[in-house]
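**Student:** Next up is a structure, given as structure tokens.
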Amino acid sequence: MKKIATIVLAAALMSSCGLYTKYERPDVNTAGLVRDPLSLNDTLKVNSDENFGNMPWRSVFTDPQLQALIEQGLEKNFDLLNAALNVKMVEEQLKVAKLAFIPGFSFTPQGTISSWDGGKATKAYSLPVTASWNVDLFGNLLNVKRSTQMQLLATKDYQVAVKTNIISGIANLYYTLLMLDRQVEIINDMEQLTKDTWEKMQVMKESRIGYRSTAVQSAEANYYSVQAQKADLLRQIREMENSLSLLIGQPAQTIARGKLENQSLPTNLATGVGIQMLNNRADVHAAEMQLAQCFYDINTARSRFYPNITISATGAFTNNNGLVDPGKILLSAVGSLVQPIFQHGQIVAGLKVAKLQYEQAYNNWQSAILKAGSEVSNALVMYNSSTEKSAIEAKQIEVLQKNVEDTKALMASSGSTYLEVIQAQSSLLSTQLSKVADDFYKMQAVVNLYQALGGGAQ
């Protein structure tokens with residue numbers, strides 16, 4: 001019988017070897033992950049030790065006022081505080097999974113007094129301490145622990161992702177405020193310019209015979225149009241300040257800030273290649289940790305096909321229902337084995353579901369990688385496009401400023417119409433506002449690239 005038991009146990013152990021297998025990363029194709037922003041067909045192939053994705057946020061965002069806002073956000077943002085609490089909760093779950101390997105102890109004292117037909121009362125007492133140990137012969141507890149470890153890593157990744165989003169969100173809102181401030185400055189200059197044009201046309205109408213009142217009306221309407229744009233910009237500034245205040249965990253208030261033209265951002269955006277580019281990308285790593293968690297869940301589901309072995313030991317000080325006086329120490333030990341035979345298909349279904357969940361997690365991981373590559377590609381093309389447009393608009397502004405001066409001079413000498421003056425002013429304003437927006441988009445592209453590469457060195 002001993003030999004048979006040994007053979008059966010050895011066979012069971014051999015068949016359960018796969019239950020202890022550790023997770024290994026599956027193959028993933030990262031070829032052509034990022035498009036070259038300067039080519040329609042080629043993919044980006046850059047090898048650089050100075051990877052923009054490894055830069056800490058303080059090296060990317062150097063404005064002291066912006067740094068102070070980011071530090072406040074990292075300290076007080078409620079989403080980030082909750083992410084830290086999530087990590088602590090999973091850490092506690094991991095402690096429970098680790099403690100499952102040691103015996104559980106319980107103390108259940110009992111005492112009774114009984115009398116038969118009015119006779120002398122019998123006093124019985126027992127002070128037992130019971131220890132129970134689940135023998136993890138088939139890896140059930142081990143795989144639960146490993147799965148929880150992967151869950152903890154994924155939760156920490158989520159915390160890093162929230163931190164990166166907060167830094168990027170604060171930077172984007174801050175640069176948006178700088179853009180709007182600069183546009184208000186331009187609007188103020190244009191407001192004064194259109195007012196001067198309106199007043200000059202009034203004087204010319206009163207001093208010249210045949211100079212039409214429609215010219216004065218058009219100039220006045222153009223002045224009011226500029227004022228309306230200014231009111232809209234001031235509204236947007238207030239809304240951006242409110243949003244930024246919420247992000248840094250404070251009541252809505254005025255945000256101290258610098259100037260758009262004084263900002264300095266990195267220009268060397270070498271990104272590296274393939275999966276190495278995504279080393280800092282928390283959501284991609286979290287998706288892989290969820291895949292690893294599903295891998296260990298499959299092992300756990302397989303372990304449920306095997307016996308559950310429990311060893312229990314009890315030590316008690318008892319008088320054995322009044323038969324021993326005084327009480328004595330009573331020791332006992334019990335070993336039990338529970339082998340599932342028919343569980344209404346629950347064990348089989350559990351394994352199938354675990355395998356399907358693994359496939360889903362693999363698809364989610366692949367999708368996260370492609371999404372990351374797409375976001376990097378978009379940020380790079382946005383940066384290059386905005387840089388090119390801003391340079392072109394700078395030349396256009398020079399021409400339009402000269403055009404405004406020339407048309408005003410011609411109007412004074414009756415060589416130009418009022419419509420040409422108004423059109424020249426409107427074109428100049430539109431181009432100036434557009435250039436400021438493109439300068440902002442270039443800065444936003446740097447922020448987006450910082451976020452797309454995972455937030456740099458935390």
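Naming works like this for the structure tokens: A, B, ... for the chains as they're shown, residue 1 at the start of each chain, ligands 1 onward in shown order.
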How would you write, as a PyMOL selection string, the set of residues in segment 185-422 of chain A that DSSP gives as helix (DSSP H, G or I)?
**Tutor:** chain A and resi 185-207+213-247+260-262+274-278+282-303+346-412+418-422
**Student:** What is the atom CA of Gly454 of chain A to atom CA of Ala161 of chain A distance in Å?
**Tutor:**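 If I compute the distance from atom CA of Gly454 of chain A to atom CA of Ala161 of chain A, I get 7.4 Å.
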**Student:** Could you give me, as a PyMOL selection string, the residues within 8 Å of segment 368-382 of chain A, counting only C-alpha atoms and dropping anything in the same chain fewer than 2 positions from it?
**Tutor:** chain A and resi 33-38+278+281+283-284+287+364-366+384-386+441-442+445-446+448-449+452-453
**Student:** Based on the selection just made, write N, CA and C atoms of those residues as a PDB file, in the first residue's frame.
**Tutor:**
ATOM      1  N   LEU A  33       6.454  50.695 -35.345  1.00  0.00           N
ATOM      2  CA  LEU A  33       5.516  51.157 -34.313  1.00  0.00           C
ATOM      3  C   LEU A  33       5.261  52.656 -34.400  1.00  0.00           C
ATOM      4  N   VAL A  34       6.300  53.430 -34.756  1.00  0.00           N
ATOM      5  CA  VAL A  34       6.182  54.891 -34.811  1.00  0.00           C
ATOM      6  C   VAL A  34       6.496  55.366 -36.221  1.00  0.00           C
ATOM      7  N   ARG A  35       5.641  56.216 -36.758  1.00  0.00           N
ATOM      8  CA  ARG A  35       5.854  56.753 -38.103  1.00  0.00           C
ATOM      9  C   ARG A  35       6.840  57.912 -38.075  1.00  0.00           C
ATOM     10  N   ASP A  36       7.624  58.016 -39.126  1.00  0.00           N
ATOM     11  CA  ASP A  36       8.523  59.157 -39.272  1.00  0.00           C
ATOM     12  C   ASP A  36       7.678  60.382 -39.628  1.00  0.00           C
ATOM     13  N   PRO A  37       7.751  61.458 -38.826  1.00  0.00           N
ATOM     14  CA  PRO A  37       6.899  62.630 -39.088  1.00  0.00           C
ATOM     15  C   PRO A  37       7.253  63.374 -40.370  1.00  0.00           C
ATOM     16  N   LEU A  38       8.424  63.112 -40.920  1.00  0.00           N
ATOM     17  CA  LEU A  38       8.848  63.816 -42.130  1.00  0.00           C
ATOM     18  C   LEU A  38       8.719  62.966 -43.380  1.00  0.00           C
ATOM     19  N   LEU A 278       8.897  52.185 -25.014  1.00  0.00           N
ATOM     20  CA  LEU A 278       7.739  52.165 -24.130  1.00  0.00           C
ATOM     21  C   LEU A 278       8.085  51.674 -22.724  1.00  0.00           C
ATOM     22  N   ARG A 281       6.227  53.549 -20.184  1.00  0.00           N
ATOM     23  CA  ARG A 281       4.792  53.706 -20.418  1.00  0.00           C
ATOM     24  C   ARG A 281       4.027  52.836 -19.432  1.00  0.00           C
ATOM     25  N   ASP A 283       0.801  52.422 -18.630  1.00  0.00           N
ATOM     26  CA  ASP A 283      -0.398  51.677 -19.003  1.00  0.00           C
ATOM     27  C   ASP A 283      -0.053  50.439 -19.826  1.00  0.00           C
ATOM     28  N   VAL A 284       1.024  50.513 -20.633  1.00  0.00           N
ATOM     29  CA  VAL A 284       1.461  49.331 -21.394  1.00  0.00           C
ATOM     30  C   VAL A 284       1.981  48.264 -20.436  1.00  0.00           C
ATOM     31  N   ALA A 287      -0.895  46.696 -18.599  1.00  0.00           N
ATOM     32  CA  ALA A 287      -1.614  45.720 -19.427  1.00  0.00           C
ATOM     33  C   ALA A 287      -0.876  44.388 -19.449  1.00  0.00           C
ATOM     34  N   ASN A 364      -5.630  43.147 -25.163  1.00  0.00           N
ATOM     35  CA  ASN A 364      -5.559  44.480 -24.556  1.00  0.00           C
ATOM     36  C   ASN A 364      -4.122  44.982 -24.501  1.00  0.00           C
ATOM     37  N   TRP A 365      -3.187  44.071 -24.226  1.00  0.00           N
ATOM     38  CA  TRP A 365      -1.775  44.458 -24.189  1.00  0.00           C
ATOM     39  C   TRP A 365      -1.288  44.894 -25.572  1.00  0.00           C
ATOM     40  N   GLN A 366      -1.624  44.090 -26.591  1.00  0.00           N
ATOM     41  CA  GLN A 366      -1.243  44.456 -27.952  1.00  0.00           C
ATOM     42  C   GLN A 366      -1.842  45.800 -28.356  1.00  0.00           C
ATOM     43  N   ASN A 384       6.318  68.923 -35.574  1.00  0.00           N
ATOM     44  CA  ASN A 384       6.940  69.362 -36.824  1.00  0.00           C
ATOM     45  C   ASN A 384       6.028  70.264 -37.633  1.00  0.00           C
ATOM     46  N   SER A 385       4.744  69.924 -37.690  1.00  0.00           N
ATOM     47  CA  SER A 385       3.791  70.734 -38.441  1.00  0.00           C
ATOM     48  C   SER A 385       3.631  72.119 -37.831  1.00  0.00           C
ATOM     49  N   SER A 386       3.518  72.189 -36.514  1.00  0.00           N
ATOM     50  CA  SER A 386       3.337  73.485 -35.842  1.00  0.00           C
ATOM     51  C   SER A 386       4.580  74.358 -35.991  1.00  0.00           C
ATOM     52  N   TYR A 441       0.618  74.942 -29.947  1.00  0.00           N
ATOM     53  CA  TYR A 441       0.496  73.548 -30.384  1.00  0.00           C
ATOM     54  C   TYR A 441       1.856  72.850 -30.364  1.00  0.00           C
ATOM     55  N   LYS A 442       2.912  73.597 -30.691  1.00  0.00           N
ATOM     56  CA  LYS A 442       4.252  73.015 -30.642  1.00  0.00           C
ATOM     57  C   LYS A 442       4.610  72.647 -29.202  1.00  0.00           C
ATOM     58  N   ALA A 445       2.598  69.696 -28.206  1.00  0.00           N
ATOM     59  CA  ALA A 445       3.132  68.460 -28.781  1.00  0.00           C
ATOM     60  C   ALA A 445       4.233  67.886 -27.897  1.00  0.00           C
ATOM     61  N   VAL A 446       5.057  68.765 -27.310  1.00  0.00           N
ATOM     62  CA  VAL A 446       6.102  68.297 -26.396  1.00  0.00           C
ATOM     63  C   VAL A 446       5.468  67.650 -25.167  1.00  0.00           C
ATOM     64  N   ASN A 448       2.458  66.296 -25.021  1.00  0.00           N
ATOM     65  CA  ASN A 448       1.840  65.048 -25.444  1.00  0.00           C
ATOM     66  C   ASN A 448       2.870  63.943 -25.657  1.00  0.00           C
ATOM     67  N   LEU A 449       4.038  64.320 -26.194  1.00  0.00           N
ATOM     68  CA  LEU A 449       5.085  63.320 -26.385  1.00  0.00           C
ATOM     69  C   LEU A 449       5.613  62.839 -25.047  1.00  0.00           C
ATOM     70  N   ALA A 452       3.015  60.480 -23.935  1.00  0.00           N
ATOM     71  CA  ALA A 452       2.955  59.288 -24.769  1.00  0.00           C
ATOM     72  C   ALA A 452       4.107  58.331 -24.490  1.00  0.00           C
ATOM     73  N   LEU A 453       5.250  58.874 -24.050  1.00  0.00           N
ATOM     74  CA  LEU A 453       6.409  58.038 -23.736  1.00  0.00           C
ATOM     75  C   LEU A 453       6.421  57.591 -22.283  1.00  0.00           C
TER      76      LEU A 453
END
**Student:** Residues at most 7 Å from segment 120-133 of chain A, counting only C-alpha atoms, excluding those fewer than 5 positions away in the same chain, as a CSV table (one decimal) with N, CA and C atoms, in the first residue's frame?
**Tutor:**
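Okay, this is what ended up in out-v9.csv:
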chain,number,residue,atom,x,y,z
A,102,ILE,N,1.1,29.8,6.1
A,102,ILE,CA,1.4,29.4,7.4
A,102,ILE,C,0.1,28.9,8.1
A,103,PRO,N,0.2,28.0,9.1
A,103,PRO,CA,-1.0,27.5,9.7
A,103,PRO,C,-1.9,28.6,10.4
A,104,GLY,N,-3.2,28.3,10.4
A,104,GLY,CA,-4.2,29.2,11.1
A,104,GLY,C,-4.5,28.6,12.5
A,105,PHE,N,-4.5,29.5,13.4
A,105,PHE,CA,-4.8,29.1,14.8
A,105,PHE,C,-6.1,29.6,15.3
A,106,SER,N,-6.8,28.9,16.1
A,106,SER,CA,-8.0,29.3,16.7
A,106,SER,C,-8.1,28.8,18.2
A,107,PHE,N,-8.7,29.6,19.0
A,107,PHE,CA,-8.9,29.3,20.5
A,107,PHE,C,-10.4,29.3,20.7
A,108,THR,N,-11.0,28.2,21.1
A,108,THR,CA,-12.4,28.1,21.3
A,108,THR,C,-12.8,27.4,22.6
A,109,PRO,N,-12.6,28.1,23.7
A,109,PRO,CA,-12.9,27.5,25.0
A,109,PRO,C,-14.4,27.2,25.2
A,110,GLN,N,-14.7,26.1,25.9
A,110,GLN,CA,-16.1,25.6,26.1
A,110,GLN,C,-16.3,25.2,27.5
A,111,GLY,N,-17.5,25.4,28.0
A,111,GLY,CA,-17.8,24.9,29.4
A,111,GLY,C,-19.3,24.6,29.5
A,112,THR,N,-19.6,23.5,30.1
A,112,THR,CA,-21.0,23.1,30.3
A,112,THR,C,-21.3,22.6,31.7
A,113,ILE,N,-22.5,22.8,32.2
A,113,ILE,CA,-23.0,22.2,33.5
A,113,ILE,C,-24.2,21.5,33.2
A,114,SER,N,-24.3,20.2,33.6
A,114,SER,CA,-25.5,19.4,33.3
A,114,SER,C,-25.9,18.6,34.5
A,115,SER,N,-27.2,18.3,34.6
A,115,SER,CA,-27.7,17.5,35.8
A,115,SER,C,-28.7,16.6,35.2
A,310,THR,N,-5.4,19.0,3.8
A,310,THR,CA,-5.4,19.9,5.0
A,310,THR,C,-5.0,19.0,6.2
A,311,ILE,N,-4.1,19.6,7.0
A,311,ILE,CA,-3.6,19.0,8.3
A,311,ILE,C,-4.1,19.8,9.4
A,312,SER,N,-4.8,19.2,10.4
A,312,SER,CA,-5.3,19.9,11.6
A,312,SER,C,-4.8,19.3,12.8
A,313,ALA,N,-4.4,20.1,13.8
A,313,ALA,CA,-3.9,19.6,15.1
A,313,ALA,C,-4.6,20.4,16.2
A,314,THR,N,-4.9,19.6,17.2
A,314,THR,CA,-5.6,20.3,18.4
A,314,THR,C,-4.9,19.9,19.7
A,315,GLY,N,-4.7,20.9,20.5
A,315,GLY,CA,-4.2,20.6,21.8
A,315,GLY,C,-5.2,21.3,22.8
A,316,ALA,N,-5.7,20.5,23.8
A,316,ALA,CA,-6.7,21.1,24.7
A,316,ALA,C,-6.5,20.6,26.1
A,317,PHE,N,-6.8,21.5,27.0
A,317,PHE,CA,-6.8,21.2,28.5
A,317,PHE,C,-8.2,21.0,28.8
A,318,THR,N,-8.6,19.7,29.2
A,318,THR,CA,-10.0,19.3,29.4
A,318,THR,C,-10.1,18.3,30.5
A,319,ASN,N,-11.3,18.3,31.1
A,319,ASN,CA,-11.6,17.2,32.1
A,319,ASN,C,-12.5,16.1,31.4
A,320,ASN,N,-12.6,16.1,30.1
A,320,ASN,CA,-13.2,15.1,29.3
A,320,ASN,C,-14.6,14.8,29.9
A,321,ASN,N,-15.5,15.8,29.8
A,321,ASN,CA,-16.9,15.7,30.3
A,321,ASN,C,-17.0,15.3,31.8
A,322,GLY,N,-16.0,15.7,32.6
A,322,GLY,CA,-16.1,15.4,34.0
A,322,GLY,C,-15.5,14.1,34.4
**Student:** Can you tell me, as a PyMOL selection string, which residues in segment 41-170 of chain A count as strand (DSSP E or B) by DSSP?
**Tutor:** chain A and resi 43+104-107+110-114+122-135
**Student:** What lies within 6 Å of segment 418-435 of chain A using only C-alpha atoms, ignoring chain neighbours under 6 positions off, as a ChimeraX atom specification?
**Tutor:** /A:183,215,390,393,400,404,407
**Student:** Determine the nearest neighbour of Lys145 of chain A from the options A:Val28, A:Ala97, A:Ile298, A:Leu178, counting only C-alpha atoms.
**Tutor:**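 Smallest distance to Lys145 of chain A is found for A:Ala97.
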**Student:** Which one is closest to Leu244 of chain A: A:Leu265, A:Leu291, A:Ala256, A:Ala231? Count only C-alpha atoms.
**Tutor:**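 Looking at the shortest contact to Leu244 of chain A, the residue is A:Ala256.
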**Student:** As a ChimeraX atom specification, please: the residues near Asn77 of chain A (cut-off 7 Å, only C-alpha atoms, same-chain neighbours under 6 positions excluded).
**Tutor:** /A:247-249
**Student:** Given the choices A:Leu260, A:Leu246, A:Val60, A:Met55, which gets closest to Asp439 of chain A if the distance is worked out from only C-alpha atoms?
**Tutor:**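 Ranked by minimum distance to Asp439 of chain A, first place goes to A:Leu260.
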